[in-house]
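**Q** Input: one structure, supplied below.
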Amino acid sequence: DAMGMAYAVTATPGHWNCFNNQALLTSAQATSFSAALENRFMMPALSFKALSAVIAIKAAPLGIVASHYGNADYYRLLTGLGSAIKIADGIALGVQVDYITEHGIGEYRDVSHVTFETGMTCDLSSSLALGLHFFNPLSSLNALPSSIEAGLQWSQSDDFLLAIGSSKVSDEPLSVQCGLNWNVLESLILRSGYMSSPSAFAFGIGFRSGSLQADAGFLLNSVTGVTSSVSITWTIR
């Protein structure tokens, strides 16, 4: 769960993390499907809902995502199709094409955009990985913001990892994130993290049972309050 690690997941494999950096699709060992709900600032009008699938094709795995943000007066729909390949030992490149529709009322007209995002991962050593991600390099051609993210992940086992990253969105301040993921038991995962902009502490928990995994994450900000997320992922093993 990306929220539980304060979104410091640019170099961290995982079902939903594949949509934060498409190059991570190459780490998918099995096909999986997931549904997620995010409640921003505990306000239903700012809810975010998403469905996704990662199809583990050996040569070039596929990622499919559809999301909805907003309410009946204003909403944004996104559908995306991505894939990734390994271009060398420990180096992967990924890309995703996005179709985004924005709906408003009153004087606001509906608009649609086609753009893309791309990412790279590189294993710097057996325990250290680098991730890079770019969203909407076409910002000069459309009205969407662009963003760039970079991150490192350190782990010496599958049970514990540390991650640090930074991100910059158009017209917004630089944000630095850090997070950890700890598999306390075979079926229990604990997560924590911090992000600098907006300043927020993050906490998360995950449960595994057979082919199902449930995750919950929370962002705590002294001004805007609590943002929460839940997801359920089914993996075909």
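For the structure tokens, the naming scheme is as follows: chains receive sequential letters (A, B, ...) according to their order of presentation, residues are indexed from 1 within each chain, and ligands are indexed from 1 in presentation order.
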Compile the contact shell of Pro61 of chain A as an MDAnalysis selection string: residues with an atom at most 8 Å away, counting only C-alpha atoms, same-chain residues fewer than 2 positions apart removed.
**A** chainID A and resid 25:26 28 54:59 63 83:85
**Q** Just to be explicit: take each residue in the selection above, keep all heavy atoms, and write the result as a compact mmCIF listing (two decimals), in the first residue's frame.
**A**
# COMPACT_ATOMS: atom_id res chain seq x y z
N LEU A 25 6.45 -3.21 -13.23
CA LEU A 25 5.67 -4.34 -13.76
C LEU A 25 6.55 -5.56 -14.01
O LEU A 25 6.07 -6.70 -13.91
CB LEU A 25 4.98 -3.93 -15.06
CG LEU A 25 3.75 -3.02 -14.94
CD1 LEU A 25 3.41 -2.41 -16.30
CD2 LEU A 25 2.56 -3.79 -14.37
N THR A 26 7.82 -5.35 -14.32
CA THR A 26 8.70 -6.49 -14.61
C THR A 26 8.96 -7.34 -13.36
O THR A 26 9.46 -8.46 -13.49
CB THR A 26 10.04 -6.02 -15.18
OG1 THR A 26 10.67 -5.13 -14.25
CG2 THR A 26 9.83 -5.29 -16.51
N ALA A 28 6.53 -8.36 -11.41
CA ALA A 28 5.31 -9.14 -11.14
C ALA A 28 5.57 -10.63 -11.38
O ALA A 28 5.96 -11.03 -12.48
CB ALA A 28 4.17 -8.65 -12.03
N VAL A 54 -2.78 -6.51 -13.07
CA VAL A 54 -1.41 -6.72 -13.54
C VAL A 54 -1.36 -8.12 -14.14
O VAL A 54 -1.60 -9.11 -13.45
CB VAL A 54 -0.38 -6.59 -12.40
CG1 VAL A 54 1.01 -6.99 -12.87
CG2 VAL A 54 -0.36 -5.17 -11.86
N ILE A 55 -1.11 -8.18 -15.44
CA ILE A 55 -1.09 -9.45 -16.17
C ILE A 55 0.38 -9.85 -16.35
O ILE A 55 1.13 -9.18 -17.07
CB ILE A 55 -1.77 -9.33 -17.55
CG1 ILE A 55 -3.14 -8.63 -17.39
CG2 ILE A 55 -1.92 -10.68 -18.19
CD1 ILE A 55 -4.11 -9.35 -16.52
N ALA A 56 0.76 -10.93 -15.69
CA ALA A 56 2.18 -11.32 -15.64
C ALA A 56 2.57 -12.10 -16.88
O ALA A 56 2.72 -13.33 -16.85
CB ALA A 56 2.46 -12.12 -14.38
N ILE A 57 2.74 -11.39 -17.99
CA ILE A 57 3.28 -11.97 -19.21
C ILE A 57 4.80 -11.89 -19.12
O ILE A 57 5.36 -10.82 -18.84
CB ILE A 57 2.77 -11.22 -20.45
CG1 ILE A 57 1.24 -11.26 -20.49
CG2 ILE A 57 3.36 -11.81 -21.73
CD1 ILE A 57 0.64 -10.38 -21.55
N LYS A 58 5.50 -12.99 -19.36
CA LYS A 58 6.93 -13.05 -19.07
C LYS A 58 7.72 -11.99 -19.83
O LYS A 58 8.55 -11.29 -19.25
CB LYS A 58 7.47 -14.44 -19.40
CG LYS A 58 8.93 -14.63 -19.00
CD LYS A 58 9.39 -16.06 -19.22
CE LYS A 58 10.84 -16.23 -18.79
NZ LYS A 58 11.32 -17.62 -18.99
N ALA A 59 7.49 -11.86 -21.13
CA ALA A 59 8.30 -10.94 -21.94
C ALA A 59 7.97 -9.49 -21.64
O ALA A 59 8.87 -8.64 -21.53
CB ALA A 59 8.10 -11.23 -23.42
N GLY A 63 -0.16 -3.71 -17.40
CA GLY A 63 -0.86 -3.09 -16.29
C GLY A 63 -2.07 -2.33 -16.82
O GLY A 63 -1.94 -1.55 -17.77
N SER A 83 2.94 -1.19 -19.96
CA SER A 83 3.75 -2.39 -20.05
C SER A 83 5.20 -2.03 -19.74
O SER A 83 5.55 -0.84 -19.64
CB SER A 83 3.65 -3.03 -21.44
OG SER A 83 4.30 -4.29 -21.47
N ALA A 84 6.02 -3.05 -19.60
CA ALA A 84 7.42 -2.82 -19.27
C ALA A 84 8.26 -3.97 -19.79
O ALA A 84 7.76 -5.09 -19.99
CB ALA A 84 7.59 -2.68 -17.76
N ILE A 85 9.53 -3.70 -20.00
CA ILE A 85 10.48 -4.73 -20.45
C ILE A 85 11.80 -4.53 -19.71
O ILE A 85 12.12 -3.43 -19.28
CB ILE A 85 10.73 -4.68 -21.98
CG1 ILE A 85 11.28 -3.30 -22.38
CG2 ILE A 85 9.48 -5.02 -22.75
CD1 ILE A 85 11.77 -3.25 -23.81
**Q** Mind checking which residues fall within 8 Å of segment 176-184 of chain A, counting only C-alpha atoms, ignoring those fewer than 4 positions away in the same chain, and posting them as an MDAnalysis selection string?
**A** chainID A and resid 4:8 158:167 188:197
**Q** Find the residues around Gly106 of chain A up to 12 Å (only C-alpha atoms counted), leave out those fewer than 3 positions away in its own chain, and share them as a list in words.
**A**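 The residues that qualify are Asp73, Tyr74, His103, Arg109 and Asp110 of chain A.
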**Q** Keeping only N, CA, C and O atoms, write those residues as a PDB file, in the first residue's frame.
**A**
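What ended up in selection_3.pdb:
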ATOM      1  N   ASP A  73     -20.763  16.619  -9.322  1.00  0.00           N
ATOM      2  CA  ASP A  73     -20.554  17.952  -9.873  1.00  0.00           C
ATOM      3  C   ASP A  73     -19.218  18.078 -10.604  1.00  0.00           C
ATOM      4  O   ASP A  73     -19.116  18.741 -11.639  1.00  0.00           O
ATOM      5  N   TYR A  74     -18.196  17.466 -10.041  1.00  0.00           N
ATOM      6  CA  TYR A  74     -16.893  17.464 -10.704  1.00  0.00           C
ATOM      7  C   TYR A  74     -16.254  16.103 -10.495  1.00  0.00           C
ATOM      8  O   TYR A  74     -16.210  15.590  -9.372  1.00  0.00           O
ATOM      9  N   HIS A 103     -14.995  16.273 -15.921  1.00  0.00           N
ATOM     10  CA  HIS A 103     -16.375  16.747 -16.050  1.00  0.00           C
ATOM     11  C   HIS A 103     -16.652  17.807 -15.006  1.00  0.00           C
ATOM     12  O   HIS A 103     -16.317  17.637 -13.823  1.00  0.00           O
ATOM     13  N   ARG A 109     -16.678  23.266 -19.048  1.00  0.00           N
ATOM     14  CA  ARG A 109     -17.000  22.274 -20.070  1.00  0.00           C
ATOM     15  C   ARG A 109     -16.182  21.011 -19.845  1.00  0.00           C
ATOM     16  O   ARG A 109     -15.116  21.036 -19.225  1.00  0.00           O
ATOM     17  N   ASP A 110     -16.708  19.907 -20.358  1.00  0.00           N
ATOM     18  CA  ASP A 110     -15.986  18.642 -20.252  1.00  0.00           C
ATOM     19  C   ASP A 110     -14.763  18.676 -21.169  1.00  0.00           C
ATOM     20  O   ASP A 110     -14.832  19.160 -22.302  1.00  0.00           O
TER      21      ASP A 110
END
**Q** Can you work out the spacing between atom CA of Ala11 of chain A and atom CA of Ser27 of chain A in Å, to one decimal?
**A** 10.7 Å
**Q** Using only C-alpha atoms, which residues sit within 6 Å of Leu81 of chain A once same-chain residues fewer than 3 positions away are excluded, as a list in words?
**A** Gly63, Ile64, Gln96 and Val97 of chain A
**Q** If I take atom CA of Ile100 of chain A and atom CA of Asn142 of chain A, how far is one from the other in Å, to one decimal?
**A**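 Atom CA of Asn142 of chain A lies at a distance of 11.2 Å from atom CA of Ile100 of chain A.
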